[in-house]
Protein chains: 2
Amino acid sequence: MLDVPKPQQNHLLAALPAQSLERLLPYLELIPLPLGEVLYESGDILHHVYFPTDSIVSLLYVMEDGASAEISVVGNEGLIGIAVFMGGESTPSRAIVQSAGHAYRLPCQRLKDEFNRHGEMLQLMLRYTQALITQMAQTAVCNRHHSIDQQLCRWLLLSLDRLQDNQLTMTQELIANMLGVRREGVTDAAGKLQRLGVIEYSRGHITVLDRAALEQLSCECYAVVKKETDRLLPSEPLPPTDE
Amino acid sequence: MLDVPKPQQNHLLAALPAQSLERLLPYLELIPLPLGEVLYESGDILHHVYFPTDSIVSLLYVMEDGASAEISVVGNEGLIGIAVFMGGESTPSRAIVQSAGHAYRLPCQRLKDEFNRHGEMLQLMLRYTQALITQMAQTAVCNRHHSIDQQLCRWLLLSLDRLQDNQLTMTQELIANMLGVRREGVTDAAGKLQRLGVIEYSRGHITVLDRAALEQLSCECYAVVKKETDRLLPSEPLPPTDE
DNA sequence: TACGCTGTGTGCGTTACCGCACACAGCCGC
DNA sequence: GCGGCTGTGTGCGGTAACGCACACAGCGTA
């Protein structure tokens, strides 16, 4: 955990060519993101995009009856607000902070300007978007075919990948909302994992003890998304300042 | 049903500025798409993109065990092969013809060239992609929360919107593969609709008798996607030659 | 006419998840 | 210490969808 996260902790910012990043730097504002903060609501016109450094944000679809489901997760590998450059200005989803931390915020116009220079920024954003699409699609399939047990493993792995340590602050209630299942279903699944010694659970704090087991127990969906993301966004040439 | 579909029957082609379309026209090739044809397999490098005129293509995710689920549908409102301009060149999904018809085929490079002119084509493609993302996301939520009955209604409406008449050629077996459920589940749901007089079923031919009822019985997912698609891609200034 | 193939209907028992109710445990503030 | 709140564990009946088996119907072909 860094005291002051650097922009380069976000992989997209880190992957930008030096000139692009320099143009953006004056407008990048470090923002703390507390748990549960809503970055945008369904249909909101976006005014900023967010590049997480050490936070995790969920894209959540909420139904008329209040039921919800997470369709993708964004951490320091991505950005919140693709609708800005995709042209739609808004989306029917909610972006909510799932793990507290920080993000660099950039006014829409600055992103658009850089995007419209048609340089590497455009290529990078589109590739990231494709990775995001893959994650959404796989989530759809996973929702259809896999058990809560498997999905919990997948979800834990997704979160773990976006965190600095192996502990996450998360109640079963919140996980249930993300997965779109009952809280008791999560209790069951988490209980099994705890009995297997894979995780340790205590009032909103989960510690992952055996990541390999988690991957074993997860459905294929996690691996598919990870592989495709790595293909689309190979680990960038990180500057040495990066943690 | 037209004898020879025109490029403008595809809404994206129709929405292109005249110069763009003119540049593409010499390379647009009309291709018949028989039922079940696979336009690309998961991981394939794409060589063409397809603009359907009177066909419907499903984007299908197939799991390791063979189970599948449709994550979105593409008809004359869209194109197959967004990975070409998104930068990934391939996707982990299969594109399979769900309703026979035709499409205009364009070599990748021609699309990229036009896309890289950074004109309206780019804007249009990205907006369409955002609409597609909405459909995928809503599919994910729908898979989680809604009954087969509701999903069948949604699916029929999606297909209906992309057809010229109110009849579709489709066995229950195929619909089951699309929805990722058992064939018997579709039989049940379709039986109910038939008893209600909403559809008529006969060995692979479905006739929709009461579209309004279908919308009534469907979950909100259909409407959400339709509304968002209309917002992102308002009905284009169709040339008078369009059917 | 008989046969076979494909598509549809139906009836089981089984399972996964839901909805609800409630018990209890950790933790904070008074 | 006490009470109250939040988070977790558990049990129960209900239900939607599953897997499997099989009957039957439409339709083309021998």
# chains A, B, ... in the order shown; residues from 1 in each chain; ligands from 1

call {"tool": "select_by_dssp", "arguments": {"residues": "segment 160-215 of chain A", "states": "strand (DSSP E)", "output": "ChimeraX atom specification"}}
result
/A:167-169,199-202,205-208

call {"tool": "write_last_selection", "arguments": {"atoms": "N, CA and C atoms", "output": "PDB file, in the first residue's frame"}}
result
ATOM      1  N   GLN A 167      -5.986  -9.656   1.265  1.00  0.00           N
ATOM      2  CA  GLN A 167      -7.135  -9.475   2.148  1.00  0.00           C
ATOM      3  C   GLN A 167      -8.118  -8.490   1.526  1.00  0.00           C
ATOM      4  N   LEU A 168      -9.399  -8.816   1.609  1.00  0.00           N
ATOM      5  CA  LEU A 168     -10.369  -7.855   1.112  1.00  0.00           C
ATOM      6  C   LEU A 168     -11.449  -7.581   2.146  1.00  0.00           C
ATOM      7  N   THR A 169     -11.904  -6.352   2.156  1.00  0.00           N
ATOM      8  CA  THR A 169     -12.923  -5.913   3.093  1.00  0.00           C
ATOM      9  C   THR A 169     -14.263  -5.968   2.390  1.00  0.00           C
ATOM     10  N   ILE A 199      -9.929 -19.844   2.482  1.00  0.00           N
ATOM     11  CA  ILE A 199     -10.066 -18.454   2.916  1.00  0.00           C
ATOM     12  C   ILE A 199     -10.316 -18.419   4.422  1.00  0.00           C
ATOM     13  N   GLU A 200     -10.162 -17.223   4.974  1.00  0.00           N
ATOM     14  CA  GLU A 200     -10.514 -17.001   6.368  1.00  0.00           C
ATOM     15  C   GLU A 200     -11.473 -15.834   6.400  1.00  0.00           C
ATOM     16  N   TYR A 201     -12.524 -16.007   7.188  1.00  0.00           N
ATOM     17  CA  TYR A 201     -13.607 -15.049   7.149  1.00  0.00           C
ATOM     18  C   TYR A 201     -13.829 -14.454   8.519  1.00  0.00           C
ATOM     19  N   SER A 202     -14.053 -13.162   8.615  1.00  0.00           N
ATOM     20  CA  SER A 202     -14.394 -12.593   9.900  1.00  0.00           C
ATOM     21  C   SER A 202     -15.014 -11.212   9.773  1.00  0.00           C
ATOM     22  N   HIS A 205     -14.137  -9.174   6.735  1.00  0.00           N
ATOM     23  CA  HIS A 205     -12.753  -9.260   6.268  1.00  0.00           C
ATOM     24  C   HIS A 205     -12.450 -10.664   5.781  1.00  0.00           C
ATOM     25  N   ILE A 206     -12.061 -10.753   4.541  1.00  0.00           N
ATOM     26  CA  ILE A 206     -11.731 -12.052   3.964  1.00  0.00           C
ATOM     27  C   ILE A 206     -10.235 -12.091   3.693  1.00  0.00           C
ATOM     28  N   THR A 207      -9.587 -13.137   4.137  1.00  0.00           N
ATOM     29  CA  THR A 207      -8.180 -13.345   3.806  1.00  0.00           C
ATOM     30  C   THR A 207      -8.068 -14.596   2.949  1.00  0.00           C
ATOM     31  N   VAL A 208      -7.450 -14.447   1.823  1.00  0.00           N
ATOM     32  CA  VAL A 208      -7.263 -15.596   0.945  1.00  0.00           C
ATOM     33  C   VAL A 208      -5.971 -16.299   1.338  1.00  0.00           C
TER      34      VAL A 208
END

call {"tool": "calpha_fit_and_write", "arguments": {"fixed": "chain B", "moving": "chain A", "output": "compact mmCIF listing (two decimals) with C-alpha atoms, in the first residue's frame"}}
result
# COMPACT_ATOMS: atom_id res chain seq x y z
CA MET A 1 -38.31 -9.91 -48.59
CA LEU A 2 -36.23 -8.37 -51.35
CA ASP A 3 -34.77 -10.34 -54.21
CA VAL A 4 -31.42 -8.63 -53.96
CA PRO A 5 -30.82 -6.90 -50.66
CA LYS A 6 -29.23 -3.45 -50.92
CA PRO A 7 -26.35 -2.32 -48.74
CA GLN A 8 -28.58 0.37 -47.27
CA GLN A 9 -30.79 -2.25 -45.73
CA ASN A 10 -28.06 -2.45 -43.14
CA HIS A 11 -28.57 0.49 -40.84
CA LEU A 12 -24.90 1.14 -40.24
CA LEU A 13 -24.10 1.28 -43.93
CA ALA A 14 -27.16 3.45 -44.43
CA ALA A 15 -26.01 5.84 -41.76
CA LEU A 16 -22.58 6.37 -43.29
CA PRO A 17 -21.91 9.64 -45.08
CA ALA A 18 -22.15 9.28 -48.85
CA GLN A 19 -18.41 9.56 -49.44
CA SER A 20 -17.56 6.87 -46.91
CA LEU A 21 -20.08 4.50 -48.38
CA GLU A 22 -18.84 5.21 -51.89
CA ARG A 23 -15.31 4.34 -50.88
CA LEU A 24 -16.50 1.04 -49.45
CA LEU A 25 -19.03 0.06 -52.11
CA PRO A 26 -16.53 -1.51 -54.55
CA TYR A 27 -15.39 -3.88 -51.82
CA LEU A 28 -18.77 -4.80 -50.38
CA GLU A 29 -19.68 -8.29 -51.46
CA LEU A 30 -23.17 -9.72 -51.04
CA ILE A 31 -22.99 -13.12 -49.36
CA PRO A 32 -25.83 -15.55 -48.67
CA LEU A 33 -25.83 -16.77 -45.08
CA PRO A 34 -27.44 -20.18 -44.63
CA LEU A 35 -28.80 -21.21 -41.24
CA GLY A 36 -26.11 -22.53 -38.94
CA GLU A 37 -23.15 -21.11 -40.88
CA VAL A 38 -20.30 -20.15 -38.58
CA LEU A 39 -18.79 -16.78 -39.54
CA TYR A 40 -16.01 -17.15 -37.07
CA GLU A 41 -14.99 -19.48 -34.32
CA SER A 42 -13.70 -18.51 -30.89
CA GLY A 43 -10.17 -17.15 -31.29
CA ASP A 44 -10.21 -16.97 -35.09
CA ILE A 45 -8.38 -14.09 -36.70
CA LEU A 46 -11.03 -12.23 -38.64
CA HIS A 47 -10.61 -11.53 -42.33
CA HIS A 48 -13.95 -9.94 -43.05
CA VAL A 49 -16.64 -8.04 -41.28
CA TYR A 50 -20.29 -8.71 -42.12
CA PHE A 51 -23.13 -6.23 -42.40
CA PRO A 52 -26.36 -8.27 -42.29
CA THR A 53 -29.23 -7.09 -44.46
CA ASP A 54 -31.91 -9.70 -43.85
CA SER A 55 -30.12 -12.29 -41.73
CA ILE A 56 -29.60 -12.64 -37.98
CA VAL A 57 -26.31 -13.69 -36.44
CA SER A 58 -25.82 -14.78 -32.84
CA LEU A 59 -22.72 -14.21 -30.79
CA LEU A 60 -22.44 -17.42 -28.84
CA TYR A 61 -20.11 -18.28 -25.98
CA VAL A 62 -19.31 -21.96 -25.78
CA MET A 63 -17.99 -23.50 -22.59
CA GLU A 64 -15.46 -26.29 -22.23
CA ASP A 65 -18.20 -28.82 -21.60
CA GLY A 66 -20.08 -27.75 -24.72
CA ALA A 67 -22.76 -25.76 -22.92
CA SER A 68 -23.45 -22.47 -24.62
CA ALA A 69 -25.18 -19.16 -24.25
CA GLU A 70 -25.95 -16.37 -26.62
CA ILE A 71 -24.61 -13.08 -25.39
CA SER A 72 -25.95 -10.90 -28.14
CA VAL A 73 -27.80 -10.82 -31.42
CA VAL A 74 -26.86 -8.90 -34.54
CA GLY A 75 -29.17 -8.14 -37.42
CA ASN A 76 -29.40 -5.38 -39.98
CA GLU A 77 -28.83 -2.81 -37.24
CA GLY A 78 -25.22 -3.86 -36.76
CA LEU A 79 -22.13 -5.67 -37.92
CA ILE A 80 -20.20 -8.83 -37.08
CA GLY A 81 -16.54 -8.39 -36.26
CA ILE A 82 -16.08 -5.44 -33.94
CA ALA A 83 -12.80 -7.01 -32.81
CA VAL A 84 -11.31 -5.79 -36.10
CA PHE A 85 -11.52 -2.14 -35.20
CA MET A 86 -11.36 -2.59 -31.46
CA GLY A 87 -7.87 -3.88 -32.02
CA GLY A 88 -8.11 -7.42 -30.72
CA GLU A 89 -8.42 -9.14 -34.12
CA SER A 90 -10.32 -12.00 -32.48
CA THR A 91 -12.76 -12.72 -29.67
CA PRO A 92 -13.50 -15.79 -27.53
CA SER A 93 -16.97 -16.06 -29.05
CA ARG A 94 -18.52 -17.84 -32.00
CA ALA A 95 -20.63 -16.04 -34.58
CA ILE A 96 -23.31 -18.31 -35.99
CA VAL A 97 -26.16 -17.62 -38.37
CA GLN A 98 -29.42 -17.84 -36.47
CA SER A 99 -31.72 -16.82 -39.28
CA ALA A 100 -30.79 -17.38 -42.91
CA GLY A 101 -30.46 -14.38 -45.19
CA HIS A 102 -27.73 -12.20 -46.59
CA ALA A 103 -24.96 -9.93 -45.51
CA TYR A 104 -22.49 -7.61 -47.15
CA ARG A 105 -18.97 -8.71 -46.50
CA LEU A 106 -16.04 -6.33 -46.33
CA PRO A 107 -12.35 -7.22 -46.08
CA CYS A 108 -10.88 -6.18 -42.72
CA GLN A 109 -8.34 -3.87 -44.22
CA ARG A 110 -10.98 -1.81 -45.99
CA LEU A 111 -12.86 -1.33 -42.77
CA LYS A 112 -9.69 -0.41 -40.90
CA ASP A 113 -8.73 2.09 -43.58
CA GLU A 114 -12.07 3.79 -43.38
CA PHE A 115 -12.06 3.60 -39.60
CA ASN A 116 -8.62 5.16 -39.45
CA ARG A 117 -9.70 8.13 -41.50
CA HIS A 118 -11.22 9.13 -38.16
CA GLY A 119 -14.40 10.36 -39.69
CA GLU A 120 -17.97 9.56 -38.95
CA MET A 121 -17.29 5.89 -39.51
CA LEU A 122 -15.29 5.77 -36.29
CA GLN A 123 -17.99 7.52 -34.32
CA LEU A 124 -20.65 5.27 -35.74
CA MET A 125 -18.79 2.04 -35.08
CA LEU A 126 -18.06 3.01 -31.50
CA ARG A 127 -21.63 3.97 -30.82
CA TYR A 128 -22.80 0.69 -32.23
CA THR A 129 -20.29 -1.10 -30.05
CA GLN A 130 -21.67 0.63 -27.01
CA ALA A 131 -25.16 -0.52 -27.94
CA LEU A 132 -23.81 -4.04 -28.26
CA ILE A 133 -22.20 -3.77 -24.85
CA THR A 134 -25.55 -2.79 -23.39
CA GLN A 135 -27.13 -5.84 -24.90
CA MET A 136 -24.45 -8.12 -23.46
CA ALA A 137 -24.71 -6.61 -20.02
CA GLN A 138 -28.47 -6.88 -19.98
CA THR A 139 -28.18 -10.48 -21.10
CA ALA A 140 -25.96 -11.16 -18.10
CA VAL A 141 -28.52 -9.69 -15.72
CA CYS A 142 -31.37 -11.47 -17.46
CA ASN A 143 -29.60 -14.80 -17.16
CA ARG A 144 -29.33 -14.27 -13.45
CA HIS A 145 -32.78 -13.05 -12.56
CA HIS A 146 -35.45 -13.99 -15.05
CA SER A 147 -37.44 -17.10 -15.85
CA ILE A 148 -37.22 -19.05 -19.06
CA ASP A 149 -40.70 -17.81 -19.91
CA GLN A 150 -39.59 -14.21 -19.74
CA GLN A 151 -36.35 -14.84 -21.53
CA LEU A 152 -38.07 -16.61 -24.38
CA CYS A 153 -40.28 -13.55 -24.87
CA ARG A 154 -37.26 -11.28 -24.85
CA TRP A 155 -35.49 -13.51 -27.33
CA LEU A 156 -38.45 -13.66 -29.68
CA LEU A 157 -38.72 -9.88 -29.63
CA LEU A 158 -35.04 -9.46 -30.37
CA SER A 159 -35.41 -11.77 -33.36
CA LEU A 160 -38.63 -10.19 -34.51
CA ASP A 161 -37.04 -6.75 -34.59
CA ARG A 162 -34.44 -8.04 -37.00
CA LEU A 163 -36.80 -9.80 -39.38
CA GLN A 164 -38.98 -8.57 -42.21
CA ASP A 165 -42.05 -10.60 -41.28
CA ASN A 166 -43.50 -12.09 -38.15
CA GLN A 167 -42.39 -15.63 -38.80
CA LEU A 168 -39.13 -17.21 -37.80
CA THR A 169 -37.59 -20.54 -38.69
CA MET A 170 -36.22 -21.96 -35.50
CA THR A 171 -36.44 -25.26 -33.67
CA GLN A 172 -36.88 -25.33 -29.93
CA GLU A 173 -33.57 -27.15 -29.72
CA LEU A 174 -31.76 -24.19 -31.29
CA ILE A 175 -33.52 -21.66 -29.11
CA ALA A 176 -32.51 -23.72 -26.09
CA ASN A 177 -28.87 -23.52 -27.16
CA MET A 178 -29.15 -19.76 -27.53
CA LEU A 179 -30.74 -19.26 -24.14
CA GLY A 180 -28.45 -21.81 -22.57
CA VAL A 181 -31.32 -23.87 -21.17
CA ARG A 182 -32.84 -27.31 -21.76
CA ARG A 183 -34.88 -27.97 -24.85
CA GLU A 184 -37.78 -29.11 -22.66
CA GLY A 185 -37.72 -25.81 -20.87
CA VAL A 186 -38.29 -24.06 -24.17
CA THR A 187 -41.06 -26.53 -25.02
CA ASP A 188 -42.80 -25.62 -21.79
CA ALA A 189 -42.45 -21.89 -22.27
CA ALA A 190 -43.43 -22.03 -25.94
CA GLY A 191 -46.41 -24.20 -25.06
CA LYS A 192 -47.67 -21.59 -22.65
CA LEU A 193 -47.33 -18.87 -25.27
CA GLN A 194 -49.14 -21.01 -27.80
CA ARG A 195 -52.01 -21.70 -25.41
CA LEU A 196 -52.26 -17.96 -24.83
CA GLY A 197 -52.54 -17.43 -28.57
CA VAL A 198 -49.41 -15.30 -28.65
CA ILE A 199 -47.48 -17.52 -31.03
CA GLU A 200 -48.12 -20.45 -33.33
CA TYR A 201 -45.67 -23.27 -33.43
CA SER A 202 -45.07 -25.99 -35.97
CA ARG A 203 -41.97 -28.03 -36.49
CA GLY A 204 -39.42 -25.30 -36.63
CA HIS A 205 -41.67 -22.48 -37.71
CA ILE A 206 -42.84 -19.90 -35.24
CA THR A 207 -45.41 -17.26 -36.14
CA VAL A 208 -45.86 -14.39 -33.77
CA LEU A 209 -49.54 -13.51 -33.57
CA ASP A 210 -49.57 -10.96 -30.77
CA ARG A 211 -46.46 -8.91 -30.44
CA ALA A 212 -47.94 -6.64 -27.79
CA ALA A 213 -48.58 -9.62 -25.53
CA LEU A 214 -45.00 -10.70 -26.03
CA GLU A 215 -43.76 -7.35 -24.82
CA GLN A 216 -46.12 -7.59 -21.88
CA LEU A 217 -44.83 -11.01 -20.88
CA SER A 218 -41.17 -10.21 -21.43
CA CYS A 219 -38.91 -8.96 -18.69
CA GLU A 220 -37.75 -5.38 -18.70
CA CYS A 221 -34.48 -6.39 -20.35
CA TYR A 222 -35.82 -6.14 -23.86
CA ALA A 223 -37.12 -2.61 -23.37
CA VAL A 224 -33.95 -1.43 -21.66
CA VAL A 225 -31.78 -2.60 -24.55
CA LYS A 226 -34.14 -1.24 -27.18
CA LYS A 227 -34.34 2.15 -25.56
CA GLU A 228 -30.60 2.41 -25.19
CA THR A 229 -29.99 1.24 -28.75
CA ASP A 230 -32.42 3.82 -30.09
CA ARG A 231 -30.67 6.47 -28.08
CA LEU A 232 -27.23 5.52 -29.33
CA LEU A 233 -28.23 4.86 -32.92
CA PRO A 234 -31.24 6.97 -33.78
CA SER A 235 -32.99 5.81 -36.93
CA GLU A 236 -30.73 6.94 -39.70
CA PRO A 237 -31.75 9.14 -42.63
CA LEU A 238 -32.69 6.24 -44.86
CA PRO A 239 -32.37 6.71 -48.60
CA PRO A 240 -35.70 6.26 -50.40
CA THR A 241 -34.41 3.06 -52.01
CA ASP A 242 -34.63 1.31 -48.68
CA GLU A 243 -37.40 -1.24 -48.26

call {"tool": "residues_around", "arguments": {"residues": "segment 19-29 of chain C", "least_positions_apart": "2", "cutoff": "10 Å", "atoms": "only C-alpha atoms (C1' of nucleotides)", "output": "list of chain:residue names"}}
result
A:Arg182, A:Ser202, A:Arg203, D:DG3, D:DG4, D:DC5, D:DT6, D:DG7, D:DT8, D:DG9, D:DT10, D:DG11, D:DC12, D:DG13, D:DG14

call {"tool": "select_by_dssp", "arguments": {"residues": "chain B", "states": "alpha helix (DSSP H)", "output": "count of residues only"}}
result
105

call {"tool": "closest_atom_pairs", "arguments": {"of": "chain C", "to": "chain A", "cutoff": "8 Å", "atoms": "only C-alpha atoms (C1' of nucleotides)", "output": "tab-separated table"}}
result
residue	atom	partner	partner_atom	distance
C:DA16	C1'	A:Ser147	CA	7.9
C:DC17	C1'	A:Gly185	CA	7.7
C:DC18	C1'	A:Arg182	CA	7.5
C:DG26	C1'	A:Arg203	CA	7.7

call {"tool": "write_last_selection", "arguments": {"atoms": "all heavy atoms", "output": "mmCIF file, in the first residue's frame"}}
result
data_model
loop_
_atom_site.group_PDB
_atom_site.id
_atom_site.type_symbol
_atom_site.label_atom_id
_atom_site.label_comp_id
_atom_site.auth_asym_id
_atom_site.auth_seq_id
_atom_site.Cartn_x
_atom_site.Cartn_y
_atom_site.Cartn_z
ATOM 1 P P DA C 16 -26.828 -29.636 -6.451
ATOM 2 O OP1 DA C 16 -25.458 -29.883 -6.934
ATOM 3 O OP2 DA C 16 -27.189 -29.888 -5.034
ATOM 4 O "O5'" DA C 16 -27.204 -28.129 -6.789
ATOM 5 C "C5'" DA C 16 -27.452 -27.758 -8.129
ATOM 6 C "C4'" DA C 16 -28.045 -26.373 -8.146
ATOM 7 O "O4'" DA C 16 -29.456 -26.460 -7.823
ATOM 8 C "C3'" DA C 16 -27.430 -25.424 -7.117
ATOM 9 O "O3'" DA C 16 -27.274 -24.155 -7.710
ATOM 10 C "C2'" DA C 16 -28.446 -25.428 -5.976
ATOM 11 C "C1'" DA C 16 -29.760 -25.672 -6.700
ATOM 12 N N9 DA C 16 -30.755 -26.412 -5.918
ATOM 13 C C8 DA C 16 -30.530 -27.434 -5.044
ATOM 14 N N7 DA C 16 -31.627 -27.920 -4.501
ATOM 15 C C5 DA C 16 -32.636 -27.161 -5.061
ATOM 16 C C6 DA C 16 -34.040 -27.176 -4.901
ATOM 17 N N6 DA C 16 -34.675 -28.028 -4.090
ATOM 18 N N1 DA C 16 -34.765 -26.289 -5.603
ATOM 19 C C2 DA C 16 -34.122 -25.441 -6.421
ATOM 20 N N3 DA C 16 -32.816 -25.333 -6.653
ATOM 21 C C4 DA C 16 -32.126 -26.234 -5.937
ATOM 22 P P DC C 17 -26.475 -23.000 -6.990
ATOM 23 O OP1 DC C 17 -25.646 -22.374 -8.034
ATOM 24 O OP2 DC C 17 -25.856 -23.549 -5.768
ATOM 25 O "O5'" DC C 17 -27.611 -21.981 -6.569
ATOM 26 C "C5'" DC C 17 -28.565 -21.581 -7.549
ATOM 27 C "C4'" DC C 17 -29.836 -21.168 -6.867
ATOM 28 O "O4'" DC C 17 -30.459 -22.302 -6.238
ATOM 29 C "C3'" DC C 17 -29.675 -20.129 -5.746
ATOM 30 O "O3'" DC C 17 -30.131 -18.865 -6.219
ATOM 31 C "C2'" DC C 17 -30.500 -20.680 -4.595
ATOM 32 C "C1'" DC C 17 -31.319 -21.788 -5.253
ATOM 33 N N1 DC C 17 -31.731 -22.894 -4.342
ATOM 34 C C2 DC C 17 -33.095 -23.145 -4.143
ATOM 35 O O2 DC C 17 -33.923 -22.454 -4.734
ATOM 36 N N3 DC C 17 -33.469 -24.140 -3.294
ATOM 37 C C4 DC C 17 -32.550 -24.864 -2.670
ATOM 38 N N4 DC C 17 -32.964 -25.837 -1.847
ATOM 39 C C5 DC C 17 -31.147 -24.623 -2.858
ATOM 40 C C6 DC C 17 -30.784 -23.638 -3.695
ATOM 41 P P DC C 18 -30.281 -17.630 -5.240
ATOM 42 O OP1 DC C 18 -30.146 -16.415 -6.056
ATOM 43 O OP2 DC C 18 -29.416 -17.844 -4.062
ATOM 44 O "O5'" DC C 18 -31.800 -17.735 -4.767
ATOM 45 C "C5'" DC C 18 -32.826 -17.760 -5.743
ATOM 46 C "C4'" DC C 18 -34.178 -17.825 -5.072
ATOM 47 O "O4'" DC C 18 -34.319 -19.096 -4.410
ATOM 48 C "C3'" DC C 18 -34.405 -16.755 -4.018
ATOM 49 O "O3'" DC C 18 -35.591 -16.033 -4.298
ATOM 50 C "C2'" DC C 18 -34.507 -17.508 -2.702
ATOM 51 C "C1'" DC C 18 -34.892 -18.907 -3.135
ATOM 52 N N1 DC C 18 -34.329 -19.961 -2.259
ATOM 53 C C2 DC C 18 -35.197 -20.764 -1.495
ATOM 54 O O2 DC C 18 -36.411 -20.566 -1.563
ATOM 55 N N3 DC C 18 -34.679 -21.733 -0.704
ATOM 56 C C4 DC C 18 -33.353 -21.903 -0.659
ATOM 57 N N4 DC C 18 -32.880 -22.871 0.125
ATOM 58 C C5 DC C 18 -32.456 -21.097 -1.429
ATOM 59 C C6 DC C 18 -32.982 -20.143 -2.204
ATOM 60 P P DG C 26 -17.541 -14.348 18.909
ATOM 61 O OP1 DG C 26 -16.431 -15.228 18.477
ATOM 62 O OP2 DG C 26 -17.915 -14.248 20.328
ATOM 63 O "O5'" DG C 26 -17.241 -12.880 18.371
ATOM 64 C "C5'" DG C 26 -16.786 -12.699 17.023
ATOM 65 C "C4'" DG C 26 -17.005 -11.255 16.630
ATOM 66 O "O4'" DG C 26 -18.411 -10.923 16.822
ATOM 67 C "C3'" DG C 26 -16.213 -10.245 17.467
ATOM 68 O "O3'" DG C 26 -15.645 -9.309 16.569
ATOM 69 C "C2'" DG C 26 -17.266 -9.604 18.375
ATOM 70 C "C1'" DG C 26 -18.514 -9.688 17.504
ATOM 71 N N9 DG C 26 -19.790 -9.730 18.216
ATOM 72 C C8 DG C 26 -20.165 -10.625 19.195
ATOM 73 N N7 DG C 26 -21.381 -10.431 19.627
ATOM 74 C C5 DG C 26 -21.837 -9.339 18.901
ATOM 75 C C6 DG C 26 -23.095 -8.668 18.940
ATOM 76 O O6 DG C 26 -24.069 -8.922 19.643
ATOM 77 N N1 DG C 26 -23.131 -7.612 18.038
ATOM 78 C C2 DG C 26 -22.097 -7.242 17.199
ATOM 79 N N2 DG C 26 -22.312 -6.197 16.406
ATOM 80 N N3 DG C 26 -20.919 -7.866 17.159
ATOM 81 C C4 DG C 26 -20.872 -8.905 18.027
#

call {"tool": "closest_residue", "arguments": {"among": "C:DT8, C:DT14, C:DC30, C:DT1", "to": "DG26 of chain D", "atoms": "only C-alpha atoms (C1' of nucleotides)"}}
result
C:DT8

call {"tool": "atom_distance", "arguments": {"atom1": "atom C1' of DG28 of chain D", "atom2": "atom C1' of DT10 of chain C"}}
result
26.1 Å

call {"tool": "closest_residue", "arguments": {"among": "D:DC2, D:DA16, D:DA23, D:DA30", "to": "chain B", "atoms": "only C-alpha atoms (C1' of nucleotides)"}}
result
D:DA16
